[in-house]
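Printed here is entry_36.cif (mmCIF, C-alpha atoms):
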```cif
data_coords
loop_
_atom_site.label_atom_id
_atom_site.label_comp_id
_atom_site.auth_asym_id
_atom_site.auth_seq_id
_atom_site.Cartn_x
_atom_site.Cartn_y
_atom_site.Cartn_z
CA LEU A 5 130.23 91.21 125.67
CA THR A 6 133.04 93.47 126.87
CA PHE A 7 134.24 96.72 125.32
CA ALA A 8 137.48 98.64 125.54
CA HIS A 9 135.59 101.47 127.29
CA GLY A 10 132.62 101.43 129.62
CA PRO A 11 130.67 98.54 131.17
CA ALA A 12 130.05 95.18 129.53
CA MET A 13 126.77 94.04 127.99
CA LYS A 14 125.08 91.17 129.83
CA ASN A 15 124.30 89.56 126.45
CA ARG A 16 124.78 90.27 122.75
CA PHE A 17 121.34 91.69 122.03
CA MET A 18 121.52 95.41 121.18
CA LEU A 19 118.34 97.41 120.49
CA ALA A 20 118.59 99.22 117.16
CA PRO A 21 118.06 103.02 117.27
CA MET A 22 114.50 103.22 115.99
CA THR A 23 112.89 106.62 115.42
CA ASN A 24 109.28 106.24 116.50
CA GLN A 25 108.35 109.94 116.64
CA GLN A 26 106.93 109.83 120.17
CA SER A 27 108.70 112.79 121.80
CA HIS A 28 107.47 116.36 122.20
CA SER A 29 107.89 119.08 119.57
CA ASP A 30 110.72 120.74 121.54
CA GLY A 31 112.67 117.48 121.69
CA THR A 32 111.88 116.64 125.30
CA LEU A 33 111.28 112.98 126.05
CA SER A 34 107.62 111.99 126.32
CA ASP A 35 106.19 109.47 128.78
CA ASP A 36 105.26 107.22 125.85
CA GLU A 37 108.78 107.10 124.46
CA ARG A 38 110.27 106.60 127.91
CA ARG A 39 107.88 103.70 128.57
CA TRP A 40 108.66 102.11 125.20
CA LEU A 41 112.44 102.21 125.75
CA VAL A 42 112.30 101.01 129.35
CA MET A 43 110.11 98.09 128.24
CA ARG A 44 112.84 97.10 125.77
CA ALA A 45 115.39 97.12 128.59
CA ALA A 46 113.07 95.09 130.81
CA GLY A 47 112.58 92.68 127.94
CA GLY A 48 116.23 91.68 128.12
CA PHE A 49 118.30 93.75 125.70
CA GLY A 50 121.91 94.00 126.87
CA LEU A 51 122.09 97.50 125.37
CA THR A 52 119.13 99.81 124.84
CA MET A 53 119.76 102.63 122.36
CA THR A 54 117.50 105.63 121.93
CA CYS A 55 116.22 106.80 118.58
CA ALA A 56 118.27 109.38 116.68
CA ALA A 57 118.54 112.38 119.03
CA HIS A 58 119.37 115.63 117.25
CA VAL A 59 122.33 117.66 118.47
CA GLN A 60 121.12 121.00 117.05
CA ALA A 61 117.57 122.32 116.91
CA ALA A 62 118.03 122.93 113.18
CA GLY A 63 119.21 119.33 112.70
CA GLN A 64 115.82 117.80 113.41
CA GLY A 65 114.79 115.28 110.79
CA PHE A 66 111.37 114.09 111.95
CA PRO A 67 108.32 115.33 113.85
CA GLY A 68 108.33 114.04 117.42
CA GLN A 69 112.09 113.44 117.41
CA LEU A 70 114.04 113.18 120.65
CA GLY A 71 116.43 116.07 121.27
CA ILE A 72 119.72 116.32 123.14
CA PHE A 73 120.79 119.79 121.99
CA SER A 74 119.83 121.68 125.15
CA ASP A 75 120.01 121.40 128.92
CA LYS A 76 116.21 121.55 128.92
CA HIS A 77 116.37 117.89 127.88
CA VAL A 78 118.55 116.84 130.82
CA ASP A 79 115.92 116.05 133.48
CA ARG A 80 113.90 113.67 131.34
CA LEU A 81 116.98 112.03 129.82
CA THR A 82 118.47 111.51 133.28
CA GLY A 83 115.34 109.65 134.35
CA LEU A 84 115.42 107.55 131.18
CA ALA A 85 119.03 106.52 131.66
CA ALA A 86 118.41 105.53 135.26
CA ALA A 87 115.33 103.49 134.36
CA ILE A 88 117.11 101.61 131.55
CA LYS A 89 120.10 100.83 133.76
CA ALA A 90 117.83 99.68 136.58
CA GLU A 91 116.73 96.87 134.25
CA GLY A 92 120.35 95.72 133.81
CA SER A 93 120.73 97.16 130.30
CA LEU A 94 123.35 99.62 129.07
CA ALA A 95 121.81 103.01 128.22
CA VAL A 96 123.08 104.62 125.01
CA VAL A 97 122.00 107.72 123.03
CA GLN A 98 122.34 107.95 119.26
CA LEU A 99 123.59 111.41 118.20
CA HIS A 100 122.14 112.76 114.96
CA HIS A 101 121.82 115.76 112.66
CA ALA A 102 119.75 115.48 109.48
CA GLY A 103 121.57 118.18 107.52
CA ALA A 104 119.98 118.68 104.10
CA ARG A 105 117.30 116.16 105.09
CA SER A 106 115.89 118.49 107.76
CA PRO A 107 112.46 119.64 106.47
CA GLN A 108 112.38 123.43 106.34
CA ALA A 109 108.74 123.46 107.41
CA LEU A 110 109.71 121.54 110.54
CA ILE A 111 112.84 123.44 111.61
CA GLY A 112 111.63 126.90 110.53
CA THR A 113 114.85 127.78 108.74
CA GLN A 114 116.85 126.77 105.68
CA PRO A 115 118.48 123.36 106.14
CA VAL A 116 122.25 123.03 105.91
CA CYS A 117 124.59 120.76 103.99
CA PRO A 118 128.36 120.51 103.39
CA SER A 119 127.70 122.21 100.03
CA ALA A 120 124.70 124.02 98.59
CA ASP A 121 122.16 121.41 97.53
CA PRO A 122 119.58 122.63 94.98
CA GLU A 123 117.53 119.44 95.29
CA SER A 124 116.75 119.96 98.97
CA GLY A 125 117.19 123.73 99.04
CA ALA A 126 119.92 123.38 101.68
CA ARG A 127 122.67 125.98 101.96
CA ALA A 128 126.36 125.29 102.50
CA LEU A 129 127.78 125.35 106.01
CA SER A 130 130.39 128.02 106.62
CA GLY A 131 133.74 127.08 108.11
CA ASP A 132 132.67 128.41 111.50
CA GLU A 133 129.41 126.46 111.28
CA VAL A 134 131.32 123.23 110.61
CA GLN A 135 133.28 123.85 113.81
CA GLN A 136 130.04 124.55 115.67
CA LEU A 137 128.53 121.33 114.34
CA ILE A 138 131.52 119.37 115.65
CA ALA A 139 131.27 121.15 119.00
CA ASP A 140 127.55 120.39 119.26
CA PHE A 141 128.02 116.65 118.59
CA VAL A 142 130.65 116.63 121.35
CA ALA A 143 128.49 118.70 123.71
CA ALA A 144 125.61 116.28 123.18
CA ALA A 145 127.82 113.33 124.13
CA VAL A 146 129.00 115.17 127.25
CA ARG A 147 125.37 115.95 128.09
CA ALA A 148 124.46 112.27 127.65
CA GLN A 149 127.24 111.26 130.02
CA ARG A 150 126.06 113.86 132.54
CA CYS A 151 122.57 112.35 132.32
CA GLY A 152 123.98 108.96 133.29
CA PHE A 153 124.10 107.23 129.92
CA ASP A 154 126.78 104.59 129.48
CA GLY A 155 127.65 105.73 125.97
CA ALA A 156 126.68 107.27 122.65
CA GLU A 157 126.58 106.28 119.01
CA VAL A 158 127.46 108.86 116.34
CA HIS A 159 125.04 108.59 113.38
CA GLY A 160 127.15 108.81 110.23
CA ALA A 161 124.79 106.86 107.98
CA HIS A 162 121.60 107.08 105.91
CA GLY A 163 122.40 110.28 104.06
CA TYR A 164 122.23 112.56 107.09
CA VAL A 165 124.74 115.34 107.66
CA LEU A 166 127.85 113.27 108.42
CA ALA A 167 127.10 110.93 105.51
CA GLN A 168 126.66 114.05 103.37
CA PHE A 169 130.21 115.04 104.30
CA LEU A 170 131.42 111.53 103.37
CA SER A 171 129.81 111.67 99.93
CA PRO A 172 132.03 112.77 97.01
CA LYS A 173 128.89 113.72 95.10
CA ILE A 174 127.26 115.89 97.78
CA ASN A 175 130.35 117.32 99.48
CA LEU A 176 131.94 119.78 97.06
CA ARG A 177 133.84 121.77 99.69
CA THR A 178 137.33 123.01 98.89
CA ASP A 179 138.54 123.43 102.48
CA ALA A 180 139.92 120.82 104.92
CA TYR A 181 136.53 119.09 105.07
CA GLY A 182 136.12 118.42 101.35
CA GLY A 183 137.95 116.96 98.39
CA SER A 184 139.86 113.77 99.22
CA ALA A 185 138.27 110.86 101.07
CA GLN A 186 140.49 111.70 104.03
CA ASN A 187 139.24 115.30 104.11
CA ARG A 188 135.61 114.26 103.73
CA ALA A 189 135.97 111.89 106.68
CA ARG A 190 137.75 114.49 108.81
CA ILE A 191 134.60 115.73 110.54
CA VAL A 192 133.68 112.19 111.65
CA ILE A 193 137.17 111.51 112.98
CA GLU A 194 137.33 114.83 114.84
CA ILE A 195 133.92 114.28 116.45
CA LEU A 196 134.90 110.80 117.66
CA GLU A 197 138.30 111.88 118.94
CA ARG A 198 136.90 114.87 120.81
CA ILE A 199 134.10 112.82 122.38
CA ARG A 200 136.63 110.29 123.58
CA GLU A 201 138.83 113.07 124.94
CA ARG A 202 135.96 114.79 126.76
CA CYS A 203 134.11 111.71 128.00
CA GLY A 204 137.09 109.60 128.99
CA GLY A 205 137.72 105.89 129.26
CA ASP A 206 134.49 104.86 131.01
CA PHE A 207 132.22 106.01 128.16
CA ASN A 208 131.14 103.60 125.45
CA LEU A 209 131.34 105.03 121.90
CA GLY A 210 130.02 103.65 118.62
CA LEU A 211 129.74 104.82 115.02
CA ARG A 212 127.01 104.00 112.51
CA LEU A 213 127.93 103.99 108.82
CA SER A 214 126.23 103.07 105.56
CA PRO A 215 128.63 101.14 103.31
CA GLU A 216 126.85 102.25 100.13
CA ARG A 217 123.73 104.08 98.88
CA CYS A 218 123.29 107.73 99.90
CA ASP A 219 125.85 108.74 97.21
CA LEU A 220 128.65 106.99 99.11
CA GLN A 221 131.55 104.98 97.72
CA LEU A 222 132.16 101.57 99.23
CA THR A 223 135.96 101.86 99.09
CA ASP A 224 135.84 105.14 101.05
CA ILE A 225 133.67 103.62 103.77
CA ILE A 226 135.88 100.53 104.05
CA GLU A 227 138.92 102.76 104.59
CA LEU A 228 137.09 104.87 107.19
CA ALA A 229 135.87 101.75 109.00
CA GLN A 230 139.41 100.37 109.11
CA GLN A 231 140.76 103.68 110.37
CA VAL A 232 138.32 104.11 113.26
CA MET A 233 138.54 100.47 114.32
CA GLY A 234 142.32 100.52 114.20
CA SER A 235 142.54 103.75 116.17
CA GLY A 236 140.78 102.31 119.20
CA VAL A 237 138.67 105.45 119.60
CA ILE A 238 135.38 103.54 119.17
CA ASP A 239 134.09 100.42 120.90
CA TYR A 240 131.89 99.12 118.10
CA LEU A 241 131.05 99.82 114.47
CA ASP A 242 127.37 99.73 113.44
CA MET A 243 127.14 99.02 109.71
CA SER A 244 123.63 99.68 108.40
CA LEU A 245 123.45 97.21 105.54
CA TRP A 246 119.68 97.43 104.76
CA ASP A 247 119.77 93.82 103.53
CA TYR A 248 122.28 91.51 105.22
CA ALA A 249 122.41 89.16 102.19
CA LYS A 250 122.82 91.87 99.55
CA GLN A 251 125.95 91.86 97.39
CA PRO A 252 127.77 95.21 97.03
CA ASP A 253 127.06 97.30 93.95
CA GLU A 254 130.75 98.11 93.43
#
```
Would you mind writing the structure in this file as structure tokens?
Amino acid sequence: LTFAHGPAMKNRFMLAPMTNQQSHSDGTLSDDERRWLVMRAAGGFGLTMTCAAHVQAAGQGFPGQLGIFSDKHVDRLTGLAAAIKAEGSLAVVQLHHAGARSPQALIGTQPVCPSADPESGARALSGDEVQQLIADFVAAAVRAQRCGFDGAEVHGAHGYVLAQFLSPKINLRTDAYGGSAQNRARIVIEILERIRERCGGDFNLGLRLSPERCDLQLTDIIELAQQVMGSGVIDYLDMSLWDYAKQPDE
């Protein structure tokens, strides 16, 4: 299976990004998680994707989650990428930030959201913090490339921070990142475009979206999917459907 950017997959089997909570508390890769992922590559997957790896320390969503927000993660991630590729599989990192779904007891600070969220206790991101969030997604992709990974997938699904921006119910911002569907999708588009700009034409790039649930509107997600596929900035679209046979609610 060939892509517009980066190397081809030897087959069409792609390991889903499964969070198994095996890494260390500071986000560094553990031997157990490394072994598990390399075994998947050895088992024949054409592309082996890590679990959701958080791009900011305060974006952690689970205990034992893999991190890619610091250069302290580089040595272990470099070894992982090399081991996966040695088995003939593409090595890809999923980039993630939990946003309002980051447990305060886990991250040690108040979680963040596009708008203040009384249900989770999350506070609204400032304009400068939105720009920092974009920069940290991009920096994580650059770090992944430096570690030897073939590509990255941006996690915009499942009600995490980018899906929170996409939601007309959660995102009540009145600046360029809120309001219309186009404004709410702006952060996703900017992250993808800047990753492509920084990582170049040899880096594989995907996007995960939820078509519904998580306070999303199906028509908005269809339009975003069409936009990113038509732009050529991504190589694949990962639609998390929960149930492949389910009919849409809308």
Q.
What's around range 167-177 of chain A at 7 Å? Count all atoms listed in the file, leave out sequence neighbours fewer than 4 positions away in its own chain, and write the answer as a VMD selection string.
A. chain A and resid 118 to 119 160 to 163 181 to 183 188 to 189 219 to 220
Just-selected residues, C-alpha atoms written as a short mmCIF file (atom, residue, chain, number, x, y, z; two decimals), in the coordinates of the input:
```
data_model
loop_
_atom_site.label_atom_id
_atom_site.label_comp_id
_atom_site.auth_asym_id
_atom_site.auth_seq_id
_atom_site.Cartn_x
_atom_site.Cartn_y
_atom_site.Cartn_z
CA PRO A 118 128.36 120.51 103.39
CA SER A 119 127.70 122.21 100.03
CA GLY A 160 127.15 108.81 110.23
CA ALA A 161 124.79 106.86 107.98
CA HIS A 162 121.60 107.08 105.91
CA GLY A 163 122.40 110.28 104.06
CA TYR A 181 136.53 119.09 105.07
CA GLY A 182 136.12 118.42 101.35
CA GLY A 183 137.95 116.96 98.39
CA ARG A 188 135.61 114.26 103.73
CA ALA A 189 135.97 111.89 106.68
CA ASP A 219 125.85 108.74 97.21
CA LEU A 220 128.65 106.99 99.11
#
```
Q. Between A:Phe141, A:Phe207, A:Trp40, A:Phe49, which is the closest to Phe17 in chain A once you count all atoms listed in the file?
A.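 Smallest distance to Phe17 in chain A is found for A:Phe49.
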**Q.** Residues matched by the PyMOL selection byres ((chain A and resi 41) around 10) as a PyMOL selection string
**A.** chain A and resi 19+36-40+42-47+52-55+84-85+87-88+95
Write a file of the just-selected residues containing C-alpha atoms, as a PDB file, in the frame of the given file.
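out-v1.pdb written:
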```
ATOM      1  CA  LEU A  19     118.340  97.410 120.490  1.00  0.00           C
ATOM      2  CA  ASP A  36     105.260 107.220 125.850  1.00  0.00           C
ATOM      3  CA  GLU A  37     108.780 107.100 124.460  1.00  0.00           C
ATOM      4  CA  ARG A  38     110.270 106.600 127.910  1.00  0.00           C
ATOM      5  CA  ARG A  39     107.880 103.700 128.570  1.00  0.00           C
ATOM      6  CA  TRP A  40     108.660 102.110 125.200  1.00  0.00           C
ATOM      7  CA  VAL A  42     112.300 101.010 129.350  1.00  0.00           C
ATOM      8  CA  MET A  43     110.110  98.090 128.240  1.00  0.00           C
ATOM      9  CA  ARG A  44     112.840  97.100 125.770  1.00  0.00           C
ATOM     10  CA  ALA A  45     115.390  97.120 128.590  1.00  0.00           C
ATOM     11  CA  ALA A  46     113.070  95.090 130.810  1.00  0.00           C
ATOM     12  CA  GLY A  47     112.580  92.680 127.940  1.00  0.00           C
ATOM     13  CA  THR A  52     119.130  99.810 124.840  1.00  0.00           C
ATOM     14  CA  MET A  53     119.760 102.630 122.360  1.00  0.00           C
ATOM     15  CA  THR A  54     117.500 105.630 121.930  1.00  0.00           C
ATOM     16  CA  CYS A  55     116.220 106.800 118.580  1.00  0.00           C
ATOM     17  CA  LEU A  84     115.420 107.550 131.180  1.00  0.00           C
ATOM     18  CA  ALA A  85     119.030 106.520 131.660  1.00  0.00           C
ATOM     19  CA  ALA A  87     115.330 103.490 134.360  1.00  0.00           C
ATOM     20  CA  ILE A  88     117.110 101.610 131.550  1.00  0.00           C
ATOM     21  CA  ALA A  95     121.810 103.010 128.220  1.00  0.00           C
TER      22      ALA A  95
END
```
Would you list the residues near (121.9, 115.6, 126.1) (no more than 6 Å away, in the coordinates of the file, using all atoms listed in the file) as a tab-separated table (two decimals) with C-alpha atoms, in the frame of the given file?
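New file part_26.tsv:
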```
chain	number	residue	atom	x	y	z
A	72	ILE	CA	119.72	116.32	123.14
A	73	PHE	CA	120.79	119.79	121.99
A	78	VAL	CA	118.55	116.84	130.82
A	144	ALA	CA	125.61	116.28	123.18
A	147	ARG	CA	125.37	115.95	128.09
A	148	ALA	CA	124.46	112.27	127.65
```
Q: Between CA of Leu137 in chain A and CA of Gln230 in chain A, measure the distance and give it in Å to one decimal.
A: 24.2 Å
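If you look at CA of Ser74 in chain A and CA of Gly10 in chain A, they are 24.4 Å away from each other.
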Q | Shell of 7 Å around Ile199 in chain A, only C-alpha atoms, local chain residues under 3 positions omitted, as a ChimeraX atom specification | A | /A:142,145,195-196,202-203
(Q) I want to know what sits within 10 Å of range 239-250 of chain A, based on only C-alpha atoms, with residues of the same chain fewer than 4 positions away left out; could you give that as an MDAnalysis selection string? (A) chainID A and resid 6:10 20 155 157:162 207:217 225 229:230 232:233
Store the residues picked out above in a file with C-alpha atoms, as an mmCIF file, in the coordinates of the input.
```
data_model
loop_
_atom_site.group_PDB
_atom_site.id
_atom_site.type_symbol
_atom_site.label_atom_id
_atom_site.label_comp_id
_atom_site.auth_asym_id
_atom_site.auth_seq_id
_atom_site.Cartn_x
_atom_site.Cartn_y
_atom_site.Cartn_z
ATOM 1 C CA THR A 6 133.040 93.470 126.870
ATOM 2 C CA PHE A 7 134.240 96.720 125.320
ATOM 3 C CA ALA A 8 137.480 98.640 125.540
ATOM 4 C CA HIS A 9 135.590 101.470 127.290
ATOM 5 C CA GLY A 10 132.620 101.430 129.620
ATOM 6 C CA ALA A 20 118.590 99.220 117.160
ATOM 7 C CA GLY A 155 127.650 105.730 125.970
ATOM 8 C CA GLU A 157 126.580 106.280 119.010
ATOM 9 C CA VAL A 158 127.460 108.860 116.340
ATOM 10 C CA HIS A 159 125.040 108.590 113.380
ATOM 11 C CA GLY A 160 127.150 108.810 110.230
ATOM 12 C CA ALA A 161 124.790 106.860 107.980
ATOM 13 C CA HIS A 162 121.600 107.080 105.910
ATOM 14 C CA PHE A 207 132.220 106.010 128.160
ATOM 15 C CA ASN A 208 131.140 103.600 125.450
ATOM 16 C CA LEU A 209 131.340 105.030 121.900
ATOM 17 C CA GLY A 210 130.020 103.650 118.620
ATOM 18 C CA LEU A 211 129.740 104.820 115.020
ATOM 19 C CA ARG A 212 127.010 104.000 112.510
ATOM 20 C CA LEU A 213 127.930 103.990 108.820
ATOM 21 C CA SER A 214 126.230 103.070 105.560
ATOM 22 C CA PRO A 215 128.630 101.140 103.310
ATOM 23 C CA GLU A 216 126.850 102.250 100.130
ATOM 24 C CA ARG A 217 123.730 104.080 98.880
ATOM 25 C CA ILE A 225 133.670 103.620 103.770
ATOM 26 C CA ALA A 229 135.870 101.750 109.000
ATOM 27 C CA GLN A 230 139.410 100.370 109.110
ATOM 28 C CA VAL A 232 138.320 104.110 113.260
ATOM 29 C CA MET A 233 138.540 100.470 114.320
#
```
With 8 Å added on each side, what axis-aligned box encloses every listed atom of range 143-162 of chain A? Give the centre and edge lengths in Å to one decimal, as AutoDock Vina command-line options.
```
--center_x 125.3 --center_y 111.6 --center_z 119.6 --size_x 23.4 --size_y 30.1 --size_z 43.4
```
Need to verify the contact set: Leu33 in chain A, 8 Å, only C-alpha atoms, exclusion of same-chain residues closer than 2 positions in sequence. Can you return it as a short mmCIF file (atom, residue, chain, number, x, y, z; two decimals) with C-alpha atoms, keeping the file's coordinate frame?
```
data_model
loop_
_atom_site.label_atom_id
_atom_site.label_comp_id
_atom_site.auth_asym_id
_atom_site.auth_seq_id
_atom_site.Cartn_x
_atom_site.Cartn_y
_atom_site.Cartn_z
CA GLN A 26 106.93 109.83 120.17
CA SER A 27 108.70 112.79 121.80
CA HIS A 28 107.47 116.36 122.20
CA GLY A 31 112.67 117.48 121.69
CA ASP A 35 106.19 109.47 128.78
CA GLU A 37 108.78 107.10 124.46
CA ARG A 38 110.27 106.60 127.91
CA LEU A 70 114.04 113.18 120.65
CA GLY A 71 116.43 116.07 121.27
CA HIS A 77 116.37 117.89 127.88
CA ARG A 80 113.90 113.67 131.34
CA LEU A 81 116.98 112.03 129.82
#
```
Q | Nearest residue to Gln108 in chain A from the set A:Leu228, A:Cys218, A:Ala180, A:Ala62 (distances using only C-alpha atoms) | A |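 Using only C-alpha atoms, the shortest distance to Gln108 in chain A belongs to A:Ala62.
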Q | For Gly131 in chain A, the nearest of the candidates A:Ala57, A:Ala90, A:Met18, A:Ile191, counting all atoms listed in the file | A | A:Ile191
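Between CA of Ala185 in chain A and CA of Pro252 in chain A there is a distance of 19.3 Å.
What the PyMOL selection byres ((chain A and resi 124-128) around 9) matches in the given file is Gly103, Ala104, Arg105, Ser106, Pro107, Gln108, Gln114, Pro115, Val116, Cys117, Pro118, Ser119, Ala120, Asp121, Pro122, Glu123, Leu129, Ser130 and Arg177 of chain A.
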Since the input is missing atoms for range 180-194 of chain A, could you rebuild it with N, CA, C and O atoms and give the result as a PDB file, in the coordinates of the input?
```
ATOM      1  N   ALA A 180     139.390 122.038 104.300  1.00  0.00           N
ATOM      2  CA  ALA A 180     139.920 120.820 104.920  1.00  0.00           C
ATOM      3  C   ALA A 180     138.882 119.732 105.102  1.00  0.00           C
ATOM      4  O   ALA A 180     139.228 118.583 105.408  1.00  0.00           O
ATOM      5  N   TYR A 181     137.605 120.061 104.878  1.00  0.00           N
ATOM      6  CA  TYR A 181     136.530 119.090 105.070  1.00  0.00           C
ATOM      7  C   TYR A 181     135.910 118.626 103.755  1.00  0.00           C
ATOM      8  O   TYR A 181     134.819 118.051 103.748  1.00  0.00           O
ATOM      9  N   GLY A 182     136.605 118.858 102.653  1.00  0.00           N
ATOM     10  CA  GLY A 182     136.120 118.420 101.350  1.00  0.00           C
ATOM     11  C   GLY A 182     137.262 118.009 100.451  1.00  0.00           C
ATOM     12  O   GLY A 182     138.430 118.265 100.741  1.00  0.00           O
ATOM     13  N   GLY A 183     136.921 117.363  99.342  1.00  0.00           N
ATOM     14  CA  GLY A 183     137.950 116.960  98.390  1.00  0.00           C
ATOM     15  C   GLY A 183     138.283 115.490  98.515  1.00  0.00           C
ATOM     16  O   GLY A 183     137.494 114.619  98.113  1.00  0.00           O
ATOM     17  N   SER A 184     139.424 115.159  99.090  1.00  0.00           N
ATOM     18  CA  SER A 184     139.860 113.770  99.220  1.00  0.00           C
ATOM     19  C   SER A 184     138.976 113.012 100.204  1.00  0.00           C
ATOM     20  O   SER A 184     138.265 113.612 101.027  1.00  0.00           O
ATOM     21  N   ALA A 185     139.035 111.689 100.123  1.00  0.00           N
ATOM     22  CA  ALA A 185     138.270 110.860 101.070  1.00  0.00           C
ATOM     23  C   ALA A 185     138.697 111.161 102.498  1.00  0.00           C
ATOM     24  O   ALA A 185     137.865 111.195 103.414  1.00  0.00           O
ATOM     25  N   GLN A 186     139.985 111.392 102.695  1.00  0.00           N
ATOM     26  CA  GLN A 186     140.490 111.700 104.030  1.00  0.00           C
ATOM     27  C   GLN A 186     139.904 113.014 104.544  1.00  0.00           C
ATOM     28  O   GLN A 186     139.501 113.110 105.707  1.00  0.00           O
ATOM     29  N   ASN A 187     139.821 114.021 103.697  1.00  0.00           N
ATOM     30  CA  ASN A 187     139.240 115.300 104.110  1.00  0.00           C
ATOM     31  C   ASN A 187     137.749 115.172 104.381  1.00  0.00           C
ATOM     32  O   ASN A 187     137.231 115.760 105.341  1.00  0.00           O
ATOM     33  N   ARG A 188     137.059 114.409 103.545  1.00  0.00           N
ATOM     34  CA  ARG A 188     135.610 114.260 103.730  1.00  0.00           C
ATOM     35  C   ARG A 188     135.279 113.515 105.013  1.00  0.00           C
ATOM     36  O   ARG A 188     134.225 113.725 105.612  1.00  0.00           O
ATOM     37  N   ALA A 189     136.183 112.640 105.441  1.00  0.00           N
ATOM     38  CA  ALA A 189     135.970 111.890 106.680  1.00  0.00           C
ATOM     39  C   ALA A 189     136.461 112.645 107.909  1.00  0.00           C
ATOM     40  O   ALA A 189     136.214 112.216 109.045  1.00  0.00           O
ATOM     41  N   ARG A 190     137.125 113.773 107.698  1.00  0.00           N
ATOM     42  CA  ARG A 190     137.750 114.490 108.810  1.00  0.00           C
ATOM     43  C   ARG A 190     136.753 114.850 109.896  1.00  0.00           C
ATOM     44  O   ARG A 190     137.059 114.735 111.106  1.00  0.00           O
ATOM     45  N   ILE A 191     135.566 115.298 109.533  1.00  0.00           N
ATOM     46  CA  ILE A 191     134.600 115.730 110.540  1.00  0.00           C
ATOM     47  C   ILE A 191     134.198 114.561 111.435  1.00  0.00           C
ATOM     48  O   ILE A 191     134.047 114.713 112.654  1.00  0.00           O
ATOM     49  N   VAL A 192     134.047 113.372 110.852  1.00  0.00           N
ATOM     50  CA  VAL A 192     133.680 112.190 111.650  1.00  0.00           C
ATOM     51  C   VAL A 192     134.801 111.847 112.628  1.00  0.00           C
ATOM     52  O   VAL A 192     134.560 111.612 113.824  1.00  0.00           O
ATOM     53  N   ILE A 193     136.031 111.838 112.141  1.00  0.00           N
ATOM     54  CA  ILE A 193     137.170 111.510 112.980  1.00  0.00           C
ATOM     55  C   ILE A 193     137.310 112.518 114.126  1.00  0.00           C
ATOM     56  O   ILE A 193     137.536 112.143 115.288  1.00  0.00           O
ATOM     57  N   GLU A 194     137.170 113.804 113.806  1.00  0.00           N
ATOM     58  CA  GLU A 194     137.330 114.830 114.840  1.00  0.00           C
ATOM     59  C   GLU A 194     136.232 114.721 115.896  1.00  0.00           C
ATOM     60  O   GLU A 194     136.496 114.892 117.096  1.00  0.00           O
TER      61      GLU A 194
END
```
